[in-house]
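Student: Provided herewith is a single structure, encoded as structure tokens, for subsequent inquiry.
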Amino acid sequence: MESFHPAMNLPFSYTFSTTLTASSSSGTTATSITNTWMDPRIWSKLPQRLLDRVLAFLPPPAFFRARSVCKRWYALLFSDIFLELYLQVSPRHHWFLFFKHKTLKSYIYRNNTSGGDQGDINVRAPTCEGYIFDPYDITWYRLSFALIPPGFSPASSSGGLVCCVSDEAGPKSIILCNPILGSLTQLPPTLRPRLFPSIGLTVSPTSIDVTVAGDDMISPFAVKNLTAENFHIDGGGFYSIWGTNSSLPRLCSLESGRMVYVGGKFYCMNFSPFSVLAHDVAGNIWCKIQAPMRRFLRSPNLVESKGKLLLVAAVEKNKLNVPKSFRLWSLQSCGTTWVEVERMPQQLYVQFAELEGGNGFDCVGNGEFIVIMIRGSDKALLFDIFRKIWQWIPPCPYSQDGDVGGSNGRASELHGFAYEPRLATPVTGLLDQLTLPFQSFNG
């Protein structure tokens, strides 16, 4: 963003009147400055359409503060005309949304649990809470997810919507939530029973695609990565309610549970050995992509940055005379070749490795930013890809509030997603075509 230059020529002129009044008796000088920039006679005559356009450019925290100015500004959130303008001109905010680490438990034996135990589970499930990080201003915000029922965990985010998936084993219930508006939209449950599958979500102005892959329950006591299910609906009237299934590549291991959407494909890490799985959404085809330096990678992560897929990992070549490092690779347009694009400065990596202590790390990317979070702690790094700047992020001031059961050392650990706050997500109106009753969840 260009800074204002005092010498630049404006298309119209402003006048500044300065009046100096001296008082000889007191020996003081009083200065009265009248600045017509803030003359209410000018601002009161601005067209409402122009004021609405200015408000549409505000980031969400500033917009919600501005709503307290008057009744008309408060009602803008419910104005179709303003929301249409907002969708046209509002800049994209490449933010991040984090949640406290949650150790997912199997609910296979839940039916055998006594009523008293279930009540104990409900007591331990506090109201879901998220923490927004603004990488431009290095600022944290707290966001309540009070409407999310117990037994659901955030799994993905796209287009201003957060995808929450049921923890209980079996066909998965999925909720799309706009945390800014506090709205919930339910998707039909998946067809196949699963435990903790990987979830991919991509939301455009006219379509919603969800992919649920792996952790097929082949018995009440065993899971295997066999299939993927796809949900699609678009403004053209076409929809597929988990009707498109596909087989996963043989011997794949989807441990991270994360998917990244780039250029019409979902990507996720495959473990033991490391590789990348790619799912062509239109063709419904899965394939494997060999990872760079796969024998020496540690904690590999996939992130999206400005329409490109990046692989972020530590490199440990113990048997070679090469220092350990932290590297980023970019997948080229051919879809099979990786090129190294960045490397953490060695002095910073030494500090990072000391704090990380071999526990591993998780990464999430959005726009020109990548956040690297050290597991088991509240330490995180922010990397600006365009400006090539690495900096430590101040810990979230809200994540320590109300921590219980912190003896496992992971109470302050956060996991997150790329997040673009939206005051309106009209694409969820497409789901009304399905005429599904909203299911009640009581924990």
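Scheme for the structure tokens: letters A, B, ... for chains in order shown; per-chain residue numbers from 1; ligand numbers from 1 in order shown.
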Could you pull out the alpha helix (DSSP H) residues of range 65-254 of chain A from DSSP and send them as a list in words?

Tutor: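 Put together, the selection reads Arg65, Ala66, Lys71, Arg72, Trp73, Tyr74, Asp80, Ile81, Phe82, Leu83, Glu84, Leu85, Tyr86, Leu87, Gln88, Val89, Gly115, Gly116, Asp117, Gln118, Gly119, Asp120, Ile121, Asn122, Val123 and Arg124 of chain A.
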
Student: So what do you get for CA of Tyr86 in chain A versus CA of Phe369 in chain A, distance-wise?

Tutor: 24.1 Å

Student: So that I can check the surroundings of Arg67 in chain A, please list as a list in words every protein, DNA and RNA residue that reaches within 12 Å of it, counting only C-alpha atoms and ignoring chain neighbours fewer than 6 positions away.

Tutor: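 Neighbouring residues, sequence-local ones excluded: Asp52, Leu55, Ala56, Leu58, Pro60, Pro61, Trp73, Tyr74, Ala75, Leu76, Leu77 and Phe78 of chain A.
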
Student: Can you pull out every residue from range 108-204 of chain A that DSSP, working from the backbone, puts in strand (DSSP E), and format the result as a ChimeraX atom specification?

Tutor: /A:128-134,139-145,152-158,161-166,174-178,183-187,198-204

Student: Could you check which of A:Tyr136, A:Trp286, A:Trp43, A:Tyr141 is closest to Leu97 in chain A, using only C-alpha atoms?

Tutor: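 Among the listed residues, A:Tyr141 lies closest to Leu97 in chain A.
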
Student: What lies within 9 Å of range 412-422 of chain A using only C-alpha atoms, ignoring chain neighbours under 5 positions off, as JSON, numbers by chain?

Tutor: {"A": [59, 60, 87, 92, 93, 94, 95, 96, 97, 98, 99, 100, 101, 102, 131, 132, 154, 155, 156, 157, 158, 159, 160, 161, 162, 178, 179, 180, 181, 304, 362, 363, 364, 365, 366, 367, 373, 374, 375, 376, 377, 378, 379, 396, 399, 400, 403, 406]}

Student: Hey, can you check how far CA of Phe196 in chain A sits from CA of Glu255 in chain A?

Tutor: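 Separating CA of Phe196 in chain A from CA of Glu255 in chain A is a distance of 9.3 Å.
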
Student: Name the closest residue to Ser90 in chain A among the candidates A:Cys70, A:Arg53, A:Pro273, A:Thr202; distances are taken between atoms, counting only C-alpha atoms.

Tutor: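 Smallest distance to Ser90 in chain A is found for A:Arg53.
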
Student: Distance CA of Thr428 in chain A-CA of Glu229 in chain A, one decimal place?

Tutor: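 These atoms are spaced 19.9 Å apart.
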
Student: Go through range 114-200 of chain A and flag each residue having an atom no more than 8 Å from range 236-251 of chain A; for those, report the closest pair of atoms plus their distance in Å to one decimal, using only C-alpha atoms, ordered by chain and rising number, as a tab-separated table.

Tutor:
```
residue	atom	partner	partner_atom	distance
A:Pro188	CA	A:Ile241	CA	7.3
A:Thr190	CA	A:Trp242	CA	6.3
A:Leu191	CA	A:Trp242	CA	6.8
```

Student: Of the candidates A:Gly307, A:Gly170, A:Gly235, A:Pro189, which one gets nearest to Pro220 in chain A if we count only C-alpha atoms?

Tutor: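 Nearest to Pro220 in chain A: A:Gly170.
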
Student: For Pro394 in chain A, please output as a ChimeraX atom specification all residues within 10 Å (counting only C-alpha atoms; exclusion window: fewer than 6 positions along the same chain).

Tutor: /A:138-140,378-381

Student: Just checking: using only C-alpha atoms, which residue out of A:Arg295, A:Val89, A:Ile175, A:Met217 ends up closest to Ser275 in chain A?

Tutor: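 Of the candidates, the smallest distance to Ser275 in chain A is held by A:Arg295.
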